[in-house]
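Note: the block below is upload.cif and it holds mmCIF, C-alpha atoms.
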data_coords
loop_
_atom_site.group_PDB
_atom_site.id
_atom_site.type_symbol
_atom_site.label_atom_id
_atom_site.label_comp_id
_atom_site.auth_asym_id
_atom_site.auth_seq_id
_atom_site.Cartn_x
_atom_site.Cartn_y
_atom_site.Cartn_z
ATOM 1 C CA LEU A 261 27.808 -28.001 -6.937
ATOM 2 C CA ARG A 262 30.873 -25.781 -6.829
ATOM 3 C CA MET A 263 31.056 -25.784 -10.628
ATOM 4 C CA LEU A 264 27.370 -24.908 -10.941
ATOM 5 C CA SER A 265 27.798 -22.070 -8.454
ATOM 6 C CA ALA A 266 30.805 -20.742 -10.369
ATOM 7 C CA VAL A 267 28.924 -20.839 -13.681
ATOM 8 C CA TYR A 268 25.933 -19.075 -12.153
ATOM 9 C CA VAL A 269 28.088 -16.316 -10.638
ATOM 10 C CA LEU A 270 29.927 -15.902 -13.963
ATOM 11 C CA GLN A 271 26.802 -15.620 -16.101
ATOM 12 C CA TYR A 272 25.157 -13.280 -13.587
ATOM 13 C CA GLY A 273 28.265 -11.097 -13.589
ATOM 14 C CA VAL A 274 28.266 -10.975 -17.379
ATOM 15 C CA TYR A 275 24.549 -10.163 -17.364
ATOM 16 C CA MET A 276 24.911 -7.258 -14.929
ATOM 17 C CA SER A 277 28.017 -5.914 -16.661
ATOM 18 C CA THR A 278 26.477 -6.024 -20.148
ATOM 19 C CA PHE A 279 23.017 -4.644 -19.495
ATOM 20 C CA GLY A 280 24.178 -2.435 -16.626
ATOM 21 C CA ALA A 281 26.656 -0.708 -18.960
ATOM 22 C CA ALA A 282 23.890 -0.213 -21.535
ATOM 23 C CA THR A 283 21.650 1.380 -18.907
ATOM 24 C CA PHE A 284 24.459 3.623 -17.693
ATOM 25 C CA ALA A 285 25.034 4.921 -21.227
ATOM 26 C CA ARG A 286 21.323 5.619 -21.726
ATOM 27 C CA MET A 287 21.076 7.251 -18.306
ATOM 28 C CA THR A 288 23.944 9.568 -19.174
ATOM 29 C CA HIS A 289 21.951 10.858 -22.144
ATOM 30 C CA SER A 290 18.750 11.287 -20.115
ATOM 31 C CA MET A 291 20.552 13.063 -17.291
ATOM 32 C CA ALA A 292 22.085 15.520 -19.772
ATOM 33 C CA ALA A 293 18.692 16.450 -21.238
ATOM 34 C CA ASN A 294 17.919 20.136 -20.846
ATOM 35 C CA PHE A 295 14.267 21.091 -20.512
ATOM 36 C CA THR A 296 13.458 24.745 -21.029
ATOM 37 C CA GLY A 297 10.388 26.717 -21.951
ATOM 38 C CA SER A 298 7.034 27.164 -20.277
ATOM 39 C CA ASP A 299 3.290 26.626 -20.790
ATOM 40 C CA ASP A 300 2.234 24.306 -23.617
ATOM 41 C CA SER A 301 4.850 25.427 -26.105
ATOM 42 C CA THR A 302 8.123 23.557 -26.363
ATOM 43 C CA ALA A 303 11.034 22.257 -24.373
ATOM 44 C CA THR A 304 14.496 21.314 -25.505
ATOM 45 C CA TRP A 305 16.342 18.049 -25.069
ATOM 46 C CA ALA A 306 20.126 18.014 -24.983
ATOM 47 C CA ASP A 307 20.073 17.135 -28.697
ATOM 48 C CA ASN A 308 17.932 20.246 -29.404
ATOM 49 C CA GLN A 309 14.878 18.297 -30.497
ATOM 50 C CA PRO A 310 11.653 20.171 -29.640
ATOM 51 C CA VAL A 311 9.234 18.292 -27.450
ATOM 52 C CA LYS A 312 5.813 19.129 -26.023
ATOM 53 C CA GLN A 313 5.621 19.938 -22.347
ATOM 54 C CA HIS A 314 3.126 20.702 -19.579
ATOM 55 C CA LYS A 315 0.325 18.625 -21.042
ATOM 56 C CA VAL A 316 0.605 16.117 -18.216
ATOM 57 C CA LEU A 317 -0.433 16.742 -14.613
ATOM 58 C CA HIS A 318 1.680 14.880 -12.063
ATOM 59 C CA TRP A 319 0.581 13.931 -8.557
ATOM 60 C CA VAL A 320 3.316 12.579 -6.281
ATOM 61 C CA ILE A 321 2.073 10.574 -3.287
ATOM 62 C CA ILE A 322 4.538 10.337 -0.387
ATOM 63 C CA PRO A 323 3.335 7.919 2.337
ATOM 64 C CA GLN A 324 5.124 8.436 5.642
ATOM 65 C CA TYR A 325 4.962 7.834 9.369
ATOM 66 C CA ASP A 326 7.115 9.529 12.002
ATOM 67 C CA GLU A 327 9.652 10.613 9.379
ATOM 68 C CA ASP A 328 12.265 13.273 10.049
ATOM 69 C CA VAL A 329 10.923 16.406 8.384
ATOM 70 C CA GLU A 330 14.402 17.225 7.040
ATOM 71 C CA VAL A 331 14.369 13.967 5.086
ATOM 72 C CA VAL A 332 11.015 14.855 3.514
ATOM 73 C CA ILE A 333 12.319 18.343 2.698
ATOM 74 C CA MET A 334 15.163 16.776 0.685
ATOM 75 C CA THR A 335 12.610 14.721 -1.236
ATOM 76 C CA LEU A 336 10.461 17.755 -1.998
ATOM 77 C CA ASN A 337 13.530 19.752 -3.024
ATOM 78 C CA SER A 338 14.400 17.072 -5.578
ATOM 79 C CA ILE A 339 10.850 17.168 -7.005
ATOM 80 C CA ALA A 340 10.876 20.973 -7.150
ATOM 81 C CA GLN A 341 14.092 21.053 -9.223
ATOM 82 C CA GLY A 342 12.254 20.438 -12.493
ATOM 83 C CA PRO A 343 11.311 23.459 -14.628
ATOM 84 C CA SER A 344 7.643 22.424 -14.737
ATOM 85 C CA ALA A 345 7.140 21.737 -11.014
ATOM 86 C CA SER A 346 5.158 24.879 -10.172
ATOM 87 C CA SER A 347 2.756 24.429 -13.077
ATOM 88 C CA SER A 348 2.309 20.675 -13.412
ATOM 89 C CA ILE A 349 3.249 18.840 -10.175
ATOM 90 C CA GLY A 350 1.041 18.362 -7.150
ATOM 91 C CA VAL A 351 2.197 16.634 -3.962
ATOM 92 C CA VAL A 352 0.189 14.486 -1.559
ATOM 93 C CA LEU A 353 1.719 14.255 1.909
ATOM 94 C CA ALA A 354 0.170 10.966 3.013
ATOM 95 C CA MET A 355 0.399 11.080 6.806
ATOM 96 C CA GLU A 356 -0.736 8.740 9.559
ATOM 97 C CA GLU A 357 -3.332 10.164 11.934
ATOM 98 C CA ARG A 358 -1.664 8.284 14.811
ATOM 99 C CA ASP A 359 1.425 10.491 14.378
ATOM 100 C CA PRO A 360 0.688 13.401 16.765
ATOM 101 C CA LYS A 361 2.975 15.731 14.775
ATOM 102 C CA SER A 362 1.533 14.949 11.334
ATOM 103 C CA ALA A 363 -0.617 18.088 10.973
ATOM 104 C CA GLN A 364 2.225 20.281 12.179
ATOM 105 C CA LYS A 365 4.599 18.734 9.626
ATOM 106 C CA VAL A 366 2.120 19.223 6.788
ATOM 107 C CA GLU A 367 1.679 22.914 7.634
ATOM 108 C CA LEU A 368 5.438 23.410 7.868
ATOM 109 C CA LEU A 369 6.012 21.767 4.483
ATOM 110 C CA LYS A 370 3.139 23.685 2.880
ATOM 111 C CA ASP A 371 4.579 26.979 4.105
ATOM 112 C CA ARG A 372 7.987 26.105 2.749
ATOM 113 C CA PHE A 373 6.994 24.657 -0.636
ATOM 114 C CA ASP A 374 3.652 26.272 -1.445
ATOM 115 C CA LYS A 375 5.106 28.340 -4.309
ATOM 116 C CA HIS A 376 7.134 25.447 -5.709
ATOM 117 C CA PHE A 377 4.214 23.169 -6.651
ATOM 118 C CA LEU A 378 0.841 23.383 -8.286
ATOM 119 C CA ALA A 379 -0.755 22.127 -5.060
ATOM 120 C CA ILE A 380 0.133 20.376 -1.799
ATOM 121 C CA LEU A 381 -2.435 18.155 -0.088
ATOM 122 C CA GLY A 382 -2.260 16.566 3.333
ATOM 123 C CA THR A 383 -4.114 13.294 3.973
ATOM 124 C CA TYR A 384 -4.399 11.563 7.339
ATOM 125 C CA HIS A 385 -4.855 7.801 7.385
ATOM 126 C CA PRO A 386 -6.983 6.923 10.452
ATOM 127 C CA PRO A 387 -6.000 3.972 12.666
ATOM 128 C CA ASN A 388 -8.007 0.872 13.533
ATOM 129 C CA LEU A 389 -9.976 0.605 10.307
ATOM 130 C CA PRO A 390 -11.238 -2.923 9.533
ATOM 131 C CA ASN A 391 -8.943 -4.986 7.299
ATOM 132 C CA ASP A 392 -6.529 -2.075 7.255
ATOM 133 C CA PRO A 393 -3.232 -2.847 9.016
ATOM 134 C CA PRO A 394 -0.763 0.016 9.510
ATOM 135 C CA GLY A 395 1.813 0.300 6.729
ATOM 136 C CA LYS A 396 2.667 1.903 3.421
ATOM 137 C CA ALA A 397 -0.042 0.028 1.502
ATOM 138 C CA SER A 398 -2.933 1.103 3.729
ATOM 139 C CA ASN A 399 -1.677 4.695 3.910
ATOM 140 C CA LEU A 400 -1.323 4.782 0.126
ATOM 141 C CA ALA A 401 -4.808 3.334 -0.395
ATOM 142 C CA TRP A 402 -6.314 6.032 1.822
ATOM 143 C CA ALA A 403 -4.317 8.835 0.167
ATOM 144 C CA PHE A 404 -5.330 7.648 -3.316
ATOM 145 C CA ALA A 405 -9.020 7.716 -2.364
ATOM 146 C CA GLU A 406 -8.639 11.251 -0.995
ATOM 147 C CA LEU A 407 -6.751 12.373 -4.106
ATOM 148 C CA GLU A 408 -9.443 10.882 -6.338
ATOM 149 C CA GLN A 409 -12.044 13.046 -4.625
ATOM 150 C CA HIS A 410 -9.837 16.142 -4.920
ATOM 151 C CA ILE A 411 -9.283 15.593 -8.655
ATOM 152 C CA ALA A 412 -13.033 15.194 -9.177
ATOM 153 C CA ARG A 413 -13.778 18.394 -7.223
ATOM 154 C CA GLU A 414 -11.176 20.349 -9.188
ATOM 155 C CA GLY A 415 -12.472 19.012 -12.498
ATOM 156 C CA GLN A 416 -9.033 17.806 -13.557
ATOM 157 C CA ASP A 417 -8.905 15.647 -16.680
ATOM 158 C CA VAL A 418 -8.072 12.127 -15.491
ATOM 159 C CA ALA A 419 -6.620 11.312 -18.919
ATOM 160 C CA ARG A 420 -3.868 13.874 -18.245
ATOM 161 C CA VAL A 421 -2.998 12.717 -14.723
ATOM 162 C CA VAL A 422 0.044 10.558 -13.923
ATOM 163 C CA LEU A 423 0.632 9.298 -10.378
ATOM 164 C CA THR A 424 4.033 8.739 -8.840
ATOM 165 C CA VAL A 425 4.513 6.832 -5.585
ATOM 166 C CA ALA A 426 7.600 7.863 -3.627
ATOM 167 C CA ASP A 427 9.155 7.003 -0.295
ATOM 168 C CA ALA A 428 9.795 9.767 2.204
ATOM 169 C CA ASP A 429 13.541 9.593 1.482
ATOM 170 C CA THR A 430 13.327 9.388 -2.322
ATOM 171 C CA GLU A 431 15.578 11.728 -4.297
ATOM 172 C CA PHE A 432 14.488 12.245 -7.907
ATOM 173 C CA HIS A 433 16.653 13.422 -10.772
ATOM 174 C CA ARG A 434 15.622 16.898 -11.934
ATOM 175 C CA ASN A 435 14.506 15.482 -15.320
ATOM 176 C CA TYR A 436 12.343 12.686 -13.921
ATOM 177 C CA PHE A 437 8.919 14.291 -14.340
ATOM 178 C CA ASP A 438 9.646 15.920 -17.691
ATOM 179 C CA ILE A 439 10.911 12.670 -19.180
ATOM 180 C CA LEU A 440 7.986 10.802 -17.605
ATOM 181 C CA ALA A 441 5.642 13.280 -19.309
ATOM 182 C CA GLN A 442 7.309 12.651 -22.677
ATOM 183 C CA LEU A 443 7.056 8.877 -22.276
ATOM 184 C CA TYR A 444 3.382 9.284 -21.399
ATOM 185 C CA LEU A 445 2.667 11.507 -24.408
ATOM 186 C CA GLN A 446 4.493 9.141 -26.752
ATOM 187 C CA CYS A 447 1.934 6.434 -25.966
ATOM 188 C CA ASP A 448 -1.448 6.371 -27.643
ATOM 189 C CA GLU A 449 -4.528 6.709 -25.434
ATOM 190 C CA GLU A 450 -4.953 2.967 -24.971
ATOM 191 C CA GLN A 451 -1.299 2.382 -24.055
ATOM 192 C CA ARG A 452 -1.283 5.199 -21.513
ATOM 193 C CA ALA A 453 -3.872 3.347 -19.447
ATOM 194 C CA LEU A 454 -1.694 0.217 -19.438
ATOM 195 C CA ARG A 455 1.712 1.563 -18.458
ATOM 196 C CA ILE A 456 3.755 1.599 -15.273
ATOM 197 C CA TRP A 457 7.098 3.408 -15.382
ATOM 198 C CA GLN A 458 10.098 2.441 -13.272
ATOM 199 C CA SER A 459 13.418 4.222 -12.833
ATOM 200 C CA GLY A 460 16.565 2.682 -11.388
ATOM 201 C CA VAL A 461 16.141 2.750 -7.586
ATOM 202 C CA LEU A 462 19.562 2.875 -5.922
ATOM 203 C CA HIS A 463 19.974 2.576 -2.137
ATOM 204 C CA LEU A 464 23.095 4.693 -2.141
ATOM 205 C CA LYS A 465 22.318 8.015 -0.432
ATOM 206 C CA ASN A 466 24.191 6.884 2.674
ATOM 207 C CA TYR A 467 26.555 4.470 0.920
ATOM 208 C CA HIS A 468 29.622 6.069 2.510
ATOM 209 C CA ARG A 469 28.294 5.232 5.998
ATOM 210 C CA GLN A 470 27.137 1.679 5.322
ATOM 211 C CA PRO A 471 29.038 -1.255 6.885
ATOM 212 C CA CYS A 472 31.006 -3.216 4.296
ATOM 213 C CA VAL A 473 28.533 -6.113 4.406
ATOM 214 C CA VAL A 474 25.592 -3.807 3.706
ATOM 215 C CA ALA A 475 27.491 -1.709 1.139
ATOM 216 C CA THR A 476 28.399 -4.830 -0.857
ATOM 217 C CA GLY A 477 24.752 -5.825 -1.006
ATOM 218 C CA SER A 478 23.744 -2.284 -2.006
ATOM 219 C CA VAL A 479 26.173 -2.332 -4.932
ATOM 220 C CA PHE A 480 24.938 -5.667 -6.278
ATOM 221 C CA ILE A 481 21.297 -4.643 -5.865
ATOM 222 C CA ALA A 482 22.044 -1.402 -7.751
ATOM 223 C CA MET A 483 23.765 -3.320 -10.566
ATOM 224 C CA ASN A 484 20.843 -5.709 -10.829
ATOM 225 C CA GLU A 485 18.340 -2.828 -10.904
ATOM 226 C CA LEU A 486 20.258 -1.068 -13.674
ATOM 227 C CA ALA A 487 20.651 -4.232 -15.744
ATOM 228 C CA GLY A 488 16.939 -4.957 -15.583
ATOM 229 C CA LEU A 489 16.104 -1.601 -17.155
ATOM 230 C CA SER A 490 17.926 -2.439 -20.400
ATOM 231 C CA ASP A 491 17.221 -6.165 -20.603
ATOM 232 C CA PRO A 492 14.410 -6.513 -23.190
ATOM 233 C CA ASN A 493 13.414 -9.877 -21.679
ATOM 234 C CA ALA A 494 13.394 -8.740 -18.054
ATOM 235 C CA MET A 495 10.256 -9.416 -16.012
ATOM 236 C CA ARG A 496 9.938 -6.021 -14.321
ATOM 237 C CA CYS A 497 7.813 -5.240 -11.293
ATOM 238 C CA PRO A 498 7.273 -1.765 -9.846
ATOM 239 C CA TYR A 499 9.620 -1.236 -6.939
ATOM 240 C CA SER A 500 9.665 1.383 -4.177
ATOM 241 C CA THR A 501 9.282 4.486 -6.381
ATOM 242 C CA TYR A 502 7.260 4.180 -9.593
ATOM 243 C CA SER A 503 4.699 5.958 -11.780
ATOM 244 C CA LEU A 504 1.457 4.971 -13.486
ATOM 245 C CA SER A 505 -1.497 6.632 -15.163
ATOM 246 C CA MET A 506 -4.465 7.691 -13.067
ATOM 247 C CA GLN A 507 -6.650 5.753 -15.493
ATOM 248 C CA LEU A 508 -4.830 2.508 -14.732
ATOM 249 C CA ALA A 509 -4.977 3.097 -10.968
ATOM 250 C CA GLN A 510 -8.714 3.746 -11.165
ATOM 251 C CA HIS A 511 -9.313 0.766 -13.444
ATOM 252 C CA VAL A 512 -7.848 -1.630 -10.870
ATOM 253 C CA GLY A 513 -9.510 0.071 -7.898
ATOM 254 C CA GLY A 514 -6.391 1.686 -6.451
ATOM 255 C CA TRP A 515 -4.080 0.117 -3.897
ATOM 256 C CA ASP A 516 -5.066 -2.702 -1.538
ATOM 257 C CA PRO A 517 -4.305 -2.030 2.149
ATOM 258 C CA CYS A 518 -3.458 -5.531 3.375
ATOM 259 C CA TRP A 519 -0.193 -6.219 1.550
ATOM 260 C CA ILE A 520 3.384 -5.828 2.723
ATOM 261 C CA ALA A 521 4.868 -5.333 -0.748
ATOM 262 C CA GLU A 522 2.432 -2.746 -2.064
ATOM 263 C CA ASP A 523 4.574 -2.140 -5.168
ATOM 264 C CA TRP A 524 4.796 -5.751 -6.338
ATOM 265 C CA HIS A 525 1.159 -6.332 -5.470
ATOM 266 C CA MET A 526 0.079 -3.303 -7.498
ATOM 267 C CA GLY A 527 2.117 -4.526 -10.462
ATOM 268 C CA LEU A 528 0.529 -7.980 -10.317
ATOM 269 C CA LYS A 529 -2.920 -6.511 -9.767
ATOM 270 C CA CYS A 530 -2.568 -4.310 -12.849
ATOM 271 C CA PHE A 531 -1.274 -7.245 -14.903
ATOM 272 C CA PHE A 532 -4.144 -9.575 -14.054
ATOM 273 C CA MET A 533 -6.932 -6.979 -14.117
ATOM 274 C CA THR A 534 -5.873 -5.834 -17.587
ATOM 275 C CA LYS A 535 -5.650 -9.484 -18.725
ATOM 276 C CA GLY A 536 -1.899 -9.301 -19.132
ATOM 277 C CA LYS A 537 -1.848 -6.100 -21.157
ATOM 278 C CA SER A 538 -0.146 -3.817 -18.617
ATOM 279 C CA SER A 539 3.636 -3.543 -18.627
ATOM 280 C CA VAL A 540 6.427 -1.881 -16.674
ATOM 281 C CA GLN A 541 8.549 0.402 -18.865
ATOM 282 C CA PRO A 542 11.937 1.850 -17.869
ATOM 283 C CA ILE A 543 12.797 5.460 -17.133
ATOM 284 C CA MET A 544 16.515 5.815 -17.754
ATOM 285 C CA LEU A 545 17.282 7.906 -14.700
ATOM 286 C CA PRO A 546 18.647 7.120 -11.225
ATOM 287 C CA THR A 547 16.402 7.517 -8.186
ATOM 288 C CA LEU A 548 18.190 7.500 -4.849
ATOM 289 C CA ASN A 549 17.124 6.585 -1.340
ATOM 290 C CA TYR A 550 18.640 5.525 1.959
ATOM 291 C CA THR A 551 19.515 2.092 3.222
ATOM 292 C CA PRO A 552 18.240 1.697 6.826
ATOM 293 C CA GLU A 553 20.786 3.066 9.266
ATOM 294 C CA GLU A 554 21.256 2.953 13.022
ATOM 295 C CA ASN A 555 23.822 4.470 15.378
ATOM 296 C CA SER A 556 26.035 1.374 15.500
ATOM 297 C CA TRP A 557 27.624 -0.996 12.980
ATOM 298 C CA PHE A 558 25.650 -3.969 14.258
ATOM 299 C CA GLY A 559 22.449 -1.936 14.503
ATOM 300 C CA THR A 560 22.687 -0.928 10.833
ATOM 301 C CA VAL A 561 23.303 -4.529 9.746
ATOM 302 C CA LEU A 562 20.304 -5.671 11.788
ATOM 303 C CA ALA A 563 18.119 -2.889 10.346
ATOM 304 C CA ARG A 564 19.080 -3.903 6.805
ATOM 305 C CA TRP A 565 18.369 -7.559 7.643
ATOM 306 C CA THR A 566 14.919 -6.580 8.923
ATOM 307 C CA GLN A 567 14.246 -4.668 5.696
ATOM 308 C CA ALA A 568 15.456 -7.596 3.587
ATOM 309 C CA LYS A 569 13.067 -9.935 5.418
ATOM 310 C CA ARG A 570 10.209 -7.529 4.749
ATOM 311 C CA HIS A 571 11.129 -7.436 1.052
ATOM 312 C CA ALA A 572 11.335 -11.209 0.974
ATOM 313 C CA LEU A 573 7.813 -11.440 2.369
ATOM 314 C CA GLY A 574 6.708 -9.647 -0.770
ATOM 315 C CA PHE A 575 6.946 -12.993 -2.540
ATOM 316 C CA SER A 576 3.778 -13.946 -0.663
ATOM 317 C CA ASP A 577 1.975 -11.999 -3.386
ATOM 318 C CA LEU A 578 2.913 -14.789 -5.792
ATOM 319 C CA SER A 579 1.174 -17.478 -3.734
#

Please, can you express the file's structure as structure tokens?
Amino acid sequence: LRMLSAVYVLQYGVYMSTFGAATFARMTHSMAANFTGSDDSTATWADNQPVKQHKVLHWVIIPQYDEDVEVVIMTLNSIAQGPSASSSIGVVLAMEERDPKSAQKVELLKDRFDKHFLAILGTYHPPNLPNDPPGKASNLAWAFAELEQHIAREGQDVARVVLTVADADTEFHRNYFDILAQLYLQCDEEQRALRIWQSGVLHLKNYHRQPCVVATGSVFIAMNELAGLSDPNAMRCPYSTYSLSMQLAQHVGGWDPCWIAEDWHMGLKCFFMTKGKSSVQPIMLPTLNYTPEENSWFGTVLARWTQAKRHALGFSDLS
């Protein structure tokens, strides 16, 4: 048993080192990309290759409940960094109606970021709906339905719309949405309706404050996430923060409210409802968020343990 454990740890270490290094090299190139230009003309990568831009309309859905508004501001600041944010990115602040401060937060964020985005919508998920337990999945399902109606009213071309699901503490790289747009445009029309895109989600925003036990886990999770992006045989599932075409989301009927792991469930739902044709493709950029944190060492460890149990319950989707 000891020998088997040693072999497993060795091969896993080699796996993470090999594919993780490959991802890091590819991320370095993507992070150095320089997008300039406006309207439908051209942009410029770091290697000076012209690329088309602004032909994709992004909607970022941010489900949240009782979140510190300063945390959400950091998320919106990261989205607004991109050169195309004001002309091609809309934001959905998916609030819970049971949060008494939700409307006030939406108005505050609209006032602060109104000029930075194409549009900002506030949705309010009502409590006590049948078969609709409180959580990210139910909030997201409600926000998607509201966004669908808004897109129809505005006459926006669904074939141009890409959705991104983010957590309230997500921090995007400035190139995320421009590179996502290029990946979308590189696909033919059939492929676009079958794609989910996943960046490397790293729980490292508060790494310097994490207890050693939690920090060690965060590092190994980050290495595993990075390795999976470059492994051509990896079985990828959307995780935490991910993007997909509006066409695919509509084809599968949006998000289901009754699942703990809304990301994994959506990935499996897309896979089965497209008869195995959908796939998760990598975006070679880092996306940062927080690991749960409390005021004490033990409290932070317990909070991370609670989160890990919730993630583990996501495997119920496979039953």

*Residues at most 6 Å from stretch 454-465 of chain A, counting all atoms listed in the file, excluding those fewer than 2 positions away in the same chain, as a list of chain:residue names?*
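Answer for this query is A:Gln451, A:Arg452, A:Tyr467, A:Ala482, A:Glu485, A:Leu486, A:Tyr502, A:Ser503, A:Leu504, A:Ser538, A:Ser539, A:Val540, A:Gln541, A:Pro542, A:Ile543, A:Leu545, A:Pro546, A:Thr547, A:Leu548, A:Asn549, A:Tyr550, A:Thr551.
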
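The smallest atom-to-atom distance between A:Pro498 and any of A:Ile411, A:Leu389, A:Ala441, A:Val425, using all atoms listed in the file, is found for A:Val425.
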
Please tabulate, as a Markdown table, the residues of stretch 404-458 of chain A that come within 10 Å of stretch 331-339 of chain A, each with its closest pair of atoms and the distance in Å to one decimal, counting only C-alpha atoms and ordering rows by chain, then residue number upward.
| residue | atom | partner | partner_atom | distance |
| --- | --- | --- | --- | --- |
| A:Ala426 | CA | A:Thr335 | CA | 8.8 |
| A:Asp427 | CA | A:Thr335 | CA | 8.5 |
| A:Ala428 | CA | A:Val332 | CA | 5.4 |
| A:Asp429 | CA | A:Val331 | CA | 5.7 |
| A:Thr430 | CA | A:Thr335 | CA | 5.5 |
| A:Glu431 | CA | A:Thr335 | CA | 5.2 |
| A:Phe432 | CA | A:Ser338 | CA | 5.4 |
| A:His433 | CA | A:Ser338 | CA | 6.7 |
| A:Arg434 | CA | A:Ser338 | CA | 6.5 |
| A:Asn435 | CA | A:Ile339 | CA | 9.2 |
| A:Tyr436 | CA | A:Ile339 | CA | 8.4 |
| A:Phe437 | CA | A:Ile339 | CA | 8.1 |

- Task: Between atom CA of A:Lys396 and atom CA of A:Lys361, measure the distance and give it in Å to one decimal.
- Result: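 Calculated distance between atom CA of A:Lys396 and atom CA of A:Lys361 is 17.9 Å.
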
* Care to translate the PyMOL selection byres ((chain A and resi 554) around 12) into actual residues of this file, as a ChimeraX atom specification? -> /A:466,469-471,550-553,555-564

task: List the residues matched by the PyMOL selection byres ((chain A and resi 369) around 12) in the displayed structure as a VMD selection string, ordered by chain and then by residue number.
output: chain A and resid 328 to 337 351 to 353 362 to 368 370 to 377 379 to 382

Find the smallest box with edges along x, y and z containing every listed atom of stretch 322-334 of chain A, then add 6 Å on each side and report centre and edge lengths in Å to one decimal, as AutoDock Vina command-line options.
--center_x 9.2 --center_y 13.1 --center_z 5.8 --size_x 23.8 --size_y 22.5 --size_z 24.4
